[in-house]
There are 6 protein chains.
Amino acid sequence: MNEPVVVRNVEQPPAEVVAALEKFGVTTVHEAQGRCGLLASYMRPIFPGATIAGPAVTVSLPPGDNLMIHVAVEVCCAGNILVVAPTSPCTDGYFGELLATSLRAHGVQGLVIDAGCRDIRPLTEMKFPVWSRAISSQGTVKSTLGSVNIPVVCAGALVEAGDVIVADDDGVVVVRRTVAREVAAAAEQRVRKEDATRERLARGELGLDIYGLRKKIAELGLKYI
Amino acid sequence: MNEPVVVRNVEQPPAEVVAALEKFGVTTVHEAQGRCGLLASYMRPIFPGATIAGPAVTVSLPPGDNLMIHVAVEVCCAGNILVVAPTSPCTDGYFGELLATSLRAHGVQGLVIDAGCRDIRPLTEMKFPVWSRAISSQGTVKSTLGSVNIPVVCAGALVEAGDVIVADDDGVVVVRRTVAREVAAAAEQRVRKEDATRERLARGELGLDIYGLRKKIAELGLKYI
Amino acid sequence: MNEPVVVRNVEQPPAEVVAALEKFGVTTVHEAQGRCGLLASYMRPIFPGATIAGPAVTVSLPPGDNLMIHVAVEVCCAGNILVVAPTSPCTDGYFGELLATSLRAHGVQGLVIDAGCRDIRPLTEMKFPVWSRAISSQGTVKSTLGSVNIPVVCAGALVEAGDVIVADDDGVVVVRRTVAREVAAAAEQRVRKEDATRERLARGELGLDIYGLRKKIAELGLKYI
Amino acid sequence: MNEPVVVRNVEQPPAEVVAALEKFGVTTVHEAQGRCGLLASYMRPIFPGATIAGPAVTVSLPPGDNLMIHVAVEVCCAGNILVVAPTSPCTDGYFGELLATSLRAHGVQGLVIDAGCRDIRPLTEMKFPVWSRAISSQGTVKSTLGSVNIPVVCAGALVEAGDVIVADDDGVVVVRRTVAREVAAAAEQRVRKEDATRERLARGELGLDIYGLRKKIAELGLKYI
Amino acid sequence: MNEPVVVRNVEQPPAEVVAALEKFGVTTVHEAQGRCGLLASYMRPIFPGATIAGPAVTVSLPPGDNLMIHVAVEVCCAGNILVVAPTSPCTDGYFGELLATSLRAHGVQGLVIDAGCRDIRPLTEMKFPVWSRAISSQGTVKSTLGSVNIPVVCAGALVEAGDVIVADDDGVVVVRRTVAREVAAAAEQRVRKEDATRERLARGELGLDIYGLRKKIAELGLKYI
Amino acid sequence: MNEPVVVRNVEQPPAEVVAALEKFGVTTVHEAQGRCGLLASYMRPIFPGATIAGPAVTVSLPPGDNLMIHVAVEVCCAGNILVVAPTSPCTDGYFGELLATSLRAHGVQGLVIDAGCRDIRPLTEMKFPVWSRAISSQGTVKSTLGSVNIPVVCAGALVEAGDVIVADDDGVVVVRRTVAREVAAAAEQRVRKEDATRERLARGELGLDIYGLRKKIAELGLKYI
């Protein structure tokens, strides 16, 4: 039913699709896939300005115990993003500079953790990006098993191993591996359309006219007084 | 009772009063008007360092629906600040770079929204200041009416159209249009008084002496041991 | 039972011990003393990059009333850190630039307050570091007594006058004065050990091997699939 | 600008209108007036089963200081409901059995307080209904002025003296005095309509048919698979 | 990618398995399936004492819009439990007595909603059980589509149509349909074992002895002083 | 520094003092000792109507691990109250019916836990009172040591072994063992005084007159309009 396992050999999404999604960023990707997959807004970057995209390695672990992060490092590939979800709410500092050093040595791009992170200054200096729900020095033990690369719910979103994670200053979004190419294409289209809209808005045209909303608000009965 | 309306022709406060309030900033203005009008402390700027002041255009709208922001753009004047309040708690990203482009084209200075904002990096680059309760990519629909320029409660403070909004790194405060001149004058006095106090404190004098508190703490019965 | 008092003549920890703890920072110190003494993770610096360590001057005061901060200034020594704890939850802005000017004139290094702080920009410009639970302009009165240098619970941690406070971008930790030297020594050892570990991790060695965890996870029954 | 005042001689709504609103309860009244006026959902009754309606006596007061509740008692009329809003967030126990005894002696029906309440058991036994954001024994002082019968924002809703408060197990809603009769009439209509709808739903008819939603969901493009 | 759909013909778990899970209750079921599947602890019953178990009909819908609950009623079978998850955080009162009347007419046992519920008194009187994150009268519109019987994340747990929901005073847990029989068997075993343990504990035996923990705490180095 | 220990032979407060404090209840005791010692208001009873008082047995333990509760049972005496504080924020269900059975067999009166509790219905039926911050079925492990009968901070209040805990529907307060007799005497006085005040208030006299506040509000400058 729920025994601790590590799943190896996760199918990875195509590199060019991942690269495209990184270019578009969280908000465009979220819109392009039909406004789903967004992690809760309490997930914030520990420093501003980073954008990453990559296939998820997922970790499910107990509160206050980071044993499974050490287990996960071994199954990470270059380009991966670690996604860590405790089995109950926890703000402990599961992760710091030493683990970042280890992950980087194995090519991992960054961390998304529905818990706490510590060593903020060293992580900022080494430019290792982390999105977390808290910043906390609270140390953890290494006593109890969890699982790696099983489906997890992280900050309210379902993440499966090999799904594409996109993270930037707007937050974090997950894209199912199987639709990633389709989402990238939709994002491309959306960006083009927005470029045209932006130009018109910058000239002073109104969204009411560009999006054809005047008829709608009249029908709905809006009154001007 | 509560029908959707857009109020045009809002009376605006004098420009020189608005300029004075901007100069003093949120904390001084809040103190000068008797410690009222402050929005809840969860309202934070999306980037540090901006200070703005201007007359409010208010928007009341449903959770997850930004139709009325598009409606509001049309009734904004140069110098206005948009104040957006959902009718129930919501963190959705009602606002991003495209709407900021539109507002800027109409001279609007910034946004105060008791909900979420997105496109943080583009907004930061274009230096369009926003104070919000959350950062979230979560998209919104354009389906249901609300009202523009009716009195709203935004982050716990009553805001009426034409009231002066002052916002900086300390938060957001609202000043009734009808007392704005009086508040600006009181702020001016407060600043002068504080300048004198600051100098004395910097020399090592104690607040206990400057504010004449020694007698009070003795009467109240404070013991030193 | 609980009468308002000010305790003078607090025993101070040795300066070289304080200096050592500052060098190690919050996370290392917290680990070195057995993972205790950490303040709640909602205590955040008002600007990034500051690290301070120093003996605590504690203040217990009512919600919305900063009279006792003025009382406390008089009993501060050079190097002290002010630790302020309201008797019930409060986010008011007890503290701003004028009080910082006063504290600095008496050699105080910074403030830790389980409530609100204001004047963020001036405090940032004068580089006076503050860790607080909120940023709020909300003014306070000077009407009711509290106590100075009694034991307080601040953000969930017990702090006694003369305890060493360490604060940086990771948060705030308190070290009992009586064990401060011992903690500094343990931190020194920890740092040395971590330096060696970091080097191995950077070369790609796994924590599983460095920390000898493979046997444990096998015994606990972890399965690879 | 914001000086402490007590406003006497508040205009009261007609008694029969208040009685009608009490009969309909919070949810129906909230709907009948166009889905506005609801206080935040954290306002909960201290015991279940009470419903009250009456004209508001409003109190604005500082955190941790209940002096103004004592002032307010004197200006209460029979049937009034006391509405208490601190000037900044506070959970202190401003109110208990003694104040309830006093209010009851003056005919006040109940209390709505955006802060804490205490003496839960005695209040339950004497059936004095209170809606509060917290239950807390934390005592308050009597040191600082506030105001009575000025407009206040209580739990996110604007309340003016003489407005009708309706409170039951669903929460608390405020009805402007000037539209109270109109709202009561709309509520009456709504109840009649709901009685008919309830009967049809109980027989197994679908809301989709009763509310004519099938055409809408088809137009919006809902697919059944 | 994320188009609004209604999935009909959901496979249902065996009735006797559902009945068994109801008998064991939330805590035992949660333990029996390896401590997973629990919804967040903010999900509370609107009245105490109800226990239900049944196959989930899932609803994903926008904030402040209950159109899809009306759509869902039509695809409910007798014994089902409705599980409603907004696409972003919302406390609005999506559900009240009329919808409960409708659901009951179609045999639905109860509701689990990661949002608000209203009409608490009528729902309590008709004994229609609801687990919700909030109680709120806030009305919703019927404007925007969502989906029925797609996988949803509700209060942090993944729920698929046909999964078994168990809810009682301890909260809400979800059991995958495919392992429900296995979980029921494990729960049965657990209850038997606990019955034996309870008897020993009631006689004063210690958990330290019953669970064989003395050796462990000695090895871990616990000191008695 | 912070090694796991169990302290035996805790000095207990006099039984008649404990009995007196139980009679007065939380709010009166909190006031009588100078408005200190109150636990945070999020600590709520799992069922209404219980009042208990007794000497604390304190437990400090990791998040998600209840090993030390089992250790603590052995050092409990008849009349004790167990006070459990995790080392970082946690809502897991550390405690249920089996542990309550064990505690009751050793004469323990109840539990105060700054975390979660489960088995709400069985605990209610056996009338074992618990004050907790959450209700959660989430199971815990038995892997890591903590300490028993060391000073802990529980829900924001310092509790030492042998201190008197008083808990009722208003919450939880702690009284230092060394001042318990003095506090009980002060509470007795307070109750007598309140009895007289209650009678006067019930007759319609005003607190303004009984507490002599009219002069104060005049001096502070309150205006009636």
# chains A, B, ... in the order shown; residues from 1 in each chain; ligands from 1
$ residues_around --residues "Asp170 of chain E" --least-positions-apart "6" --cutoff "9 Å" --atoms "only C-alpha atoms" --output "ChimeraX atom specification"
/E:25-27,41,44-45 /F:117-121,135-137
$ calpha_fit_and_write --fixed "chain F" --moving "chain A" --output "short mmCIF file (atom, residue, chain, number, x, y, z; two decimals) with C-alpha atoms, in the first residue's frame"
data_model
loop_
_atom_site.label_atom_id
_atom_site.label_comp_id
_atom_site.auth_asym_id
_atom_site.auth_seq_id
_atom_site.Cartn_x
_atom_site.Cartn_y
_atom_site.Cartn_z
CA MET A 1 24.09 21.38 26.12
CA ASN A 2 20.93 19.71 24.92
CA GLU A 3 21.17 15.99 25.52
CA PRO A 4 18.09 13.79 25.87
CA VAL A 5 17.25 13.28 29.54
CA VAL A 6 14.40 12.16 31.74
CA VAL A 7 14.20 13.96 35.05
CA ARG A 8 12.62 11.91 37.84
CA ASN A 9 11.56 13.11 41.28
CA VAL A 10 9.98 16.40 40.33
CA GLU A 11 8.87 18.49 43.29
CA GLN A 12 5.07 18.68 43.35
CA PRO A 13 2.91 21.62 44.43
CA PRO A 14 0.59 21.20 47.47
CA ALA A 15 -2.62 19.36 46.59
CA GLU A 16 -4.88 21.93 48.24
CA VAL A 17 -3.32 24.72 46.17
CA VAL A 18 -3.91 22.77 42.98
CA ALA A 19 -7.52 22.18 44.00
CA ALA A 20 -8.03 25.89 44.66
CA LEU A 21 -6.62 26.86 41.27
CA GLU A 22 -8.90 24.36 39.52
CA LYS A 23 -11.90 25.94 41.21
CA PHE A 24 -11.00 29.43 39.92
CA GLY A 25 -10.40 28.49 36.31
CA VAL A 26 -8.05 29.86 33.67
CA THR A 27 -9.14 33.47 33.32
CA THR A 28 -9.21 34.23 37.03
CA VAL A 29 -5.87 32.54 37.63
CA HIS A 30 -4.30 34.37 34.70
CA GLU A 31 -5.50 37.71 36.09
CA ALA A 32 -4.56 36.83 39.65
CA GLN A 33 -0.95 36.20 38.74
CA GLY A 34 -0.56 39.47 36.86
CA ARG A 35 -1.73 38.49 33.37
CA CYS A 36 1.07 36.12 32.54
CA GLY A 37 1.49 32.42 31.83
CA LEU A 38 -1.24 32.07 29.23
CA LEU A 39 -0.68 29.59 26.40
CA ALA A 40 -1.50 30.77 22.86
CA SER A 41 -5.20 31.02 22.03
CA TYR A 42 -4.93 28.36 19.32
CA MET A 43 -4.86 25.76 22.09
CA ARG A 44 -8.45 24.52 22.20
CA PRO A 45 -10.19 21.71 24.08
CA ILE A 46 -11.26 18.73 21.94
CA PHE A 47 -14.62 18.76 23.74
CA PRO A 48 -16.26 21.53 25.80
CA GLY A 49 -16.91 21.59 29.52
CA ALA A 50 -13.81 20.09 31.11
CA THR A 51 -11.77 21.89 33.76
CA ILE A 52 -8.58 20.39 35.14
CA ALA A 53 -5.64 21.53 37.22
CA GLY A 54 -2.52 19.60 38.10
CA PRO A 55 1.28 19.55 38.16
CA ALA A 56 2.94 19.40 34.74
CA VAL A 57 5.03 16.56 33.40
CA THR A 58 6.78 18.16 30.44
CA VAL A 59 7.82 16.46 27.21
CA SER A 60 10.07 17.92 24.51
CA LEU A 61 10.08 15.80 21.34
CA PRO A 62 10.76 15.97 17.60
CA PRO A 63 8.11 16.62 14.92
CA GLY A 64 6.22 13.48 13.96
CA ASP A 65 7.71 11.24 16.67
CA ASN A 66 5.90 10.29 19.89
CA LEU A 67 8.49 7.96 21.42
CA MET A 68 8.97 10.31 24.37
CA ILE A 69 5.29 10.29 25.32
CA HIS A 70 5.67 6.57 25.99
CA VAL A 71 8.77 7.33 28.04
CA ALA A 72 6.92 10.02 29.99
CA VAL A 73 4.05 7.79 31.12
CA GLU A 74 6.41 5.92 33.41
CA VAL A 75 7.36 9.02 35.40
CA CYS A 76 3.80 10.37 35.79
CA CYS A 77 2.12 10.52 39.20
CA ALA A 78 -1.58 10.57 39.94
CA GLY A 79 -3.03 14.01 39.27
CA ASN A 80 -0.37 15.05 36.75
CA ILE A 81 -1.09 16.77 33.45
CA LEU A 82 1.10 15.92 30.47
CA VAL A 83 2.46 18.94 28.59
CA VAL A 84 3.91 18.11 25.18
CA ALA A 85 5.90 20.54 23.02
CA PRO A 86 7.49 19.60 19.67
CA THR A 87 10.84 21.17 18.87
CA SER A 88 9.42 22.67 15.69
CA PRO A 89 5.84 23.45 14.52
CA CYS A 90 3.88 20.24 13.89
CA THR A 91 0.21 19.29 13.70
CA ASP A 92 0.63 15.50 13.67
CA GLY A 93 -1.67 13.34 15.77
CA TYR A 94 0.82 12.28 18.45
CA PHE A 95 -1.89 11.16 20.82
CA GLY A 96 -5.03 9.04 20.79
CA GLU A 97 -7.21 6.68 22.73
CA LEU A 98 -4.56 4.06 23.54
CA LEU A 99 -2.20 6.57 25.12
CA ALA A 100 -5.14 8.10 27.00
CA THR A 101 -5.96 4.65 28.37
CA SER A 102 -2.37 4.29 29.50
CA LEU A 103 -2.21 7.75 31.09
CA ARG A 104 -5.51 7.24 32.88
CA ALA A 105 -4.27 3.93 34.27
CA HIS A 106 -1.46 5.95 35.87
CA GLY A 107 -3.77 8.66 37.20
CA VAL A 108 -2.93 11.39 34.69
CA GLN A 109 -5.81 13.88 34.34
CA GLY A 110 -5.35 15.20 30.85
CA LEU A 111 -3.06 16.38 28.07
CA VAL A 112 -1.90 19.76 26.77
CA ILE A 113 -0.14 19.37 23.41
CA ASP A 114 1.17 22.02 21.01
CA ALA A 115 0.49 19.67 18.10
CA GLY A 116 -2.32 17.37 16.95
CA CYS A 117 -4.59 14.89 18.70
CA ARG A 118 -6.70 12.07 17.20
CA ASP A 119 -9.43 9.60 18.23
CA ILE A 120 -11.65 12.54 19.12
CA ARG A 121 -14.80 10.48 19.54
CA PRO A 122 -13.32 7.77 21.79
CA LEU A 123 -11.53 10.43 23.87
CA THR A 124 -14.79 12.33 24.24
CA GLU A 125 -16.62 9.20 25.27
CA MET A 126 -14.02 8.30 27.87
CA LYS A 127 -13.99 11.97 28.96
CA PHE A 128 -10.23 12.28 28.72
CA PRO A 129 -9.64 16.02 28.25
CA VAL A 130 -7.09 17.28 25.73
CA TRP A 131 -6.13 20.80 24.71
CA SER A 132 -4.37 20.84 21.33
CA ARG A 133 -3.51 23.09 18.40
CA ALA A 134 -4.97 20.70 15.84
CA ILE A 135 -7.02 17.58 15.34
CA SER A 136 -5.22 15.23 13.00
CA SER A 137 -5.08 11.49 12.36
CA GLN A 138 -1.53 11.82 11.07
CA GLY A 139 0.45 9.02 12.65
CA THR A 140 3.88 9.40 14.21
CA VAL A 141 6.98 7.22 14.46
CA LYS A 142 8.97 6.13 17.51
CA SER A 143 12.55 6.76 16.37
CA THR A 144 14.15 9.75 18.01
CA LEU A 145 14.76 10.82 21.60
CA GLY A 146 13.67 14.01 23.32
CA SER A 147 13.46 14.90 26.98
CA VAL A 148 11.03 14.61 29.88
CA ASN A 149 10.65 17.12 32.69
CA ILE A 150 13.01 19.72 31.30
CA PRO A 151 11.69 23.30 30.91
CA VAL A 152 9.78 23.63 27.62
CA VAL A 153 8.10 26.43 25.72
CA CYS A 154 4.60 25.15 24.94
CA ALA A 155 2.36 27.33 22.76
CA GLY A 156 4.43 30.38 23.67
CA ALA A 157 4.57 29.83 27.44
CA LEU A 158 7.46 28.51 29.53
CA VAL A 159 6.44 25.39 31.48
CA GLU A 160 8.65 23.66 34.05
CA ALA A 161 7.99 20.24 35.53
CA GLY A 162 5.87 20.62 38.65
CA ASP A 163 4.33 23.93 37.57
CA VAL A 164 0.56 23.94 37.91
CA ILE A 165 -1.39 23.73 34.67
CA VAL A 166 -4.99 24.98 34.70
CA ALA A 167 -7.14 24.30 31.62
CA ASP A 168 -10.78 24.91 30.79
CA ASP A 169 -12.93 26.22 27.95
CA ASP A 170 -11.03 29.53 28.01
CA GLY A 171 -7.68 27.86 27.28
CA VAL A 172 -4.62 26.91 29.30
CA VAL A 173 -2.52 28.81 31.84
CA VAL A 174 0.63 27.81 33.72
CA VAL A 175 1.44 28.86 37.28
CA ARG A 176 5.00 28.57 38.60
CA ARG A 177 5.05 26.02 41.41
CA THR A 178 6.83 28.42 43.73
CA VAL A 179 4.10 31.08 43.55
CA ALA A 180 1.08 28.82 43.25
CA ARG A 181 -0.14 29.37 46.80
CA GLU A 182 0.20 33.12 46.46
CA VAL A 183 -1.68 33.06 43.15
CA ALA A 184 -4.49 30.99 44.64
CA ALA A 185 -4.88 33.53 47.43
CA ALA A 186 -4.94 36.42 44.96
CA ALA A 187 -7.53 34.57 42.87
CA GLU A 188 -9.71 34.10 45.94
CA GLN A 189 -9.64 37.83 46.56
CA ARG A 190 -10.36 38.62 42.95
CA VAL A 191 -13.40 36.36 42.90
CA ARG A 192 -14.84 38.03 45.99
CA LYS A 193 -14.36 41.46 44.49
CA GLU A 194 -15.94 40.36 41.23
CA ASP A 195 -18.95 38.95 43.04
CA ALA A 196 -19.65 42.38 44.47
CA THR A 197 -19.06 44.07 41.12
CA ARG A 198 -21.31 41.63 39.32
CA GLU A 199 -24.20 42.45 41.58
CA ARG A 200 -23.83 46.16 40.96
CA LEU A 201 -23.50 45.72 37.20
CA ALA A 202 -26.59 43.50 37.16
CA ARG A 203 -28.54 46.33 38.77
CA GLY A 204 -27.53 48.60 35.91
CA GLU A 205 -24.66 50.51 37.47
CA LEU A 206 -21.95 51.38 34.99
CA GLY A 207 -18.37 50.17 34.98
CA LEU A 208 -17.47 53.83 34.38
CA ASP A 209 -18.72 54.55 37.90
CA ILE A 210 -17.78 51.33 39.67
CA TYR A 211 -14.19 51.47 38.42
CA GLY A 212 -13.98 55.28 38.73
CA LEU A 213 -13.18 55.84 35.08
CA ARG A 214 -15.11 59.07 34.46
CA LYS A 215 -12.31 61.28 35.69
CA LYS A 216 -9.78 59.43 33.57
CA ILE A 217 -11.70 59.70 30.31
CA ALA A 218 -12.31 63.37 30.95
CA GLU A 219 -8.61 63.99 31.55
CA LEU A 220 -7.69 62.03 28.45
CA GLY A 221 -9.99 64.36 26.51
CA LEU A 222 -12.87 62.16 25.35
CA LYS A 223 -15.58 64.21 23.65
CA TYR A 224 -19.27 63.40 23.51
CA ILE A 225 -21.12 64.70 20.48
#
$ select_by_dssp --residues "segment 21-183 of chain E" --states "strand (DSSP E)" --output "number ranges by chain"
E: 44-45, 52-61, 81-86, 93-95, 110-117, 130-135, 147-148, 152-154, 157-159, 164-168, 171-175
$ select_by_dssp --residues "segment 10-66 of chain D" --states "helix (DSSP H, G or I)" --output "mmCIF file with N, CA, C and O atoms, in the first residue's frame"
data_model
loop_
_atom_site.group_PDB
_atom_site.id
_atom_site.type_symbol
_atom_site.label_atom_id
_atom_site.label_comp_id
_atom_site.auth_asym_id
_atom_site.auth_seq_id
_atom_site.Cartn_x
_atom_site.Cartn_y
_atom_site.Cartn_z
ATOM 1 N N ALA D 15 -38.070 48.824 14.318
ATOM 2 C CA ALA D 15 -38.026 47.557 15.059
ATOM 3 C C ALA D 15 -38.562 46.395 14.236
ATOM 4 O O ALA D 15 -38.027 45.281 14.289
ATOM 5 N N GLU D 16 -39.599 46.637 13.443
ATOM 6 C CA GLU D 16 -40.189 45.518 12.694
ATOM 7 C C GLU D 16 -39.257 45.060 11.574
ATOM 8 O O GLU D 16 -39.243 43.881 11.199
ATOM 9 N N VAL D 17 -38.441 45.980 11.061
ATOM 10 C CA VAL D 17 -37.463 45.594 10.043
ATOM 11 C C VAL D 17 -36.372 44.724 10.670
ATOM 12 O O VAL D 17 -35.970 43.692 10.118
ATOM 13 N N VAL D 18 -35.925 45.129 11.845
ATOM 14 C CA VAL D 18 -34.922 44.339 12.558
ATOM 15 C C VAL D 18 -35.461 42.936 12.841
ATOM 16 O O VAL D 18 -34.765 41.929 12.614
ATOM 17 N N ALA D 19 -36.697 42.865 13.286
ATOM 18 C CA ALA D 19 -37.302 41.564 13.592
ATOM 19 C C ALA D 19 -37.359 40.684 12.347
ATOM 20 O O ALA D 19 -37.096 39.479 12.401
ATOM 21 N N ALA D 20 -37.685 41.288 11.215
ATOM 22 C CA ALA D 20 -37.764 40.517 9.973
ATOM 23 C C ALA D 20 -36.384 39.974 9.606
ATOM 24 O O ALA D 20 -36.234 38.797 9.248
ATOM 25 N N LEU D 21 -35.371 40.806 9.707
ATOM 26 C CA LEU D 21 -34.022 40.369 9.331
ATOM 27 C C LEU D 21 -33.550 39.226 10.231
ATOM 28 O O LEU D 21 -32.889 38.287 9.767
ATOM 29 N N GLU D 22 -33.892 39.310 11.514
ATOM 30 C CA GLU D 22 -33.510 38.236 12.434
ATOM 31 C C GLU D 22 -34.119 36.913 11.998
ATOM 32 O O GLU D 22 -33.475 35.871 12.026
ATOM 33 N N LYS D 23 -35.355 36.978 11.555
ATOM 34 C CA LYS D 23 -36.057 35.771 11.129
ATOM 35 C C LYS D 23 -35.382 35.096 9.935
ATOM 36 O O LYS D 23 -35.323 33.873 9.838
ATOM 37 N N PHE D 24 -34.825 35.912 9.018
ATOM 38 C CA PHE D 24 -34.243 35.344 7.803
ATOM 39 C C PHE D 24 -32.827 34.789 8.021
ATOM 40 O O PHE D 24 -32.401 33.879 7.333
ATOM 41 N N GLY D 25 -32.116 35.332 8.942
ATOM 42 C CA GLY D 25 -30.763 34.831 9.211
ATOM 43 C C GLY D 25 -29.726 35.381 8.259
ATOM 44 O O GLY D 25 -30.041 36.053 7.264
ATOM 45 N N VAL D 26 -28.455 35.082 8.556
ATOM 46 C CA VAL D 26 -27.324 35.728 7.899
ATOM 47 C C VAL D 26 -27.256 35.420 6.408
ATOM 48 O O VAL D 26 -27.113 36.321 5.578
ATOM 49 N N THR D 27 -27.343 34.150 6.040
ATOM 50 C CA THR D 27 -27.115 33.800 4.642
ATOM 51 C C THR D 27 -28.172 34.412 3.738
ATOM 52 O O THR D 27 -27.856 34.990 2.685
ATOM 53 N N THR D 28 -29.422 34.316 4.140
ATOM 54 C CA THR D 28 -30.481 34.890 3.308
ATOM 55 C C THR D 28 -30.344 36.406 3.213
ATOM 56 O O THR D 28 -30.479 36.991 2.140
ATOM 57 N N VAL D 29 -30.041 37.056 4.315
ATOM 58 C CA VAL D 29 -29.899 38.514 4.292
ATOM 59 C C VAL D 29 -28.716 38.923 3.403
ATOM 60 O O VAL D 29 -28.821 39.862 2.603
ATOM 61 N N HIS D 30 -27.629 38.200 3.541
ATOM 62 C CA HIS D 30 -26.451 38.487 2.710
ATOM 63 C C HIS D 30 -26.782 38.372 1.225
ATOM 64 O O HIS D 30 -26.408 39.224 0.414
ATOM 65 N N GLU D 31 -27.501 37.333 0.856
ATOM 66 C CA GLU D 31 -27.895 37.169 -0.543
ATOM 67 C C GLU D 31 -28.880 38.266 -0.963
ATOM 68 O O GLU D 31 -28.766 38.835 -2.051
ATOM 69 N N ALA D 32 -29.828 38.556 -0.083
ATOM 70 C CA ALA D 32 -30.898 39.489 -0.436
ATOM 71 C C ALA D 32 -30.361 40.893 -0.691
ATOM 72 O O ALA D 32 -30.935 41.661 -1.452
#
$ decode --residues "segment 103-123 of chain F" --atoms "C-alpha atoms" --output "PDB file, in the first residue's frame"
ATOM      1  CA  LEU F 103      -2.207   7.762  31.082  1.00  0.00           C
ATOM      2  CA  ARG F 104      -5.500   7.225  32.877  1.00  0.00           C
ATOM      3  CA  ALA F 105      -4.239   3.934  34.277  1.00  0.00           C
ATOM      4  CA  HIS F 106      -1.447   5.966  35.888  1.00  0.00           C
ATOM      5  CA  GLY F 107      -3.745   8.665  37.203  1.00  0.00           C
ATOM      6  CA  VAL F 108      -2.929  11.389  34.702  1.00  0.00           C
ATOM      7  CA  GLN F 109      -5.797  13.884  34.349  1.00  0.00           C
ATOM      8  CA  GLY F 110      -5.331  15.193  30.854  1.00  0.00           C
ATOM      9  CA  LEU F 111      -3.060  16.382  28.068  1.00  0.00           C
ATOM     10  CA  VAL F 112      -1.897  19.752  26.771  1.00  0.00           C
ATOM     11  CA  ILE F 113      -0.144  19.369  23.410  1.00  0.00           C
ATOM     12  CA  ASP F 114       1.170  22.024  21.016  1.00  0.00           C
ATOM     13  CA  ALA F 115       0.485  19.679  18.112  1.00  0.00           C
ATOM     14  CA  GLY F 116      -2.316  17.387  16.959  1.00  0.00           C
ATOM     15  CA  CYS F 117      -4.592  14.888  18.702  1.00  0.00           C
ATOM     16  CA  ARG F 118      -6.713  12.077  17.199  1.00  0.00           C
ATOM     17  CA  ASP F 119      -9.446   9.616  18.214  1.00  0.00           C
ATOM     18  CA  ILE F 120     -11.664  12.552  19.116  1.00  0.00           C
ATOM     19  CA  ARG F 121     -14.795  10.506  19.544  1.00  0.00           C
ATOM     20  CA  PRO F 122     -13.310   7.777  21.795  1.00  0.00           C
ATOM     21  CA  LEU F 123     -11.516  10.436  23.868  1.00  0.00           C
TER      22      LEU F 123
END
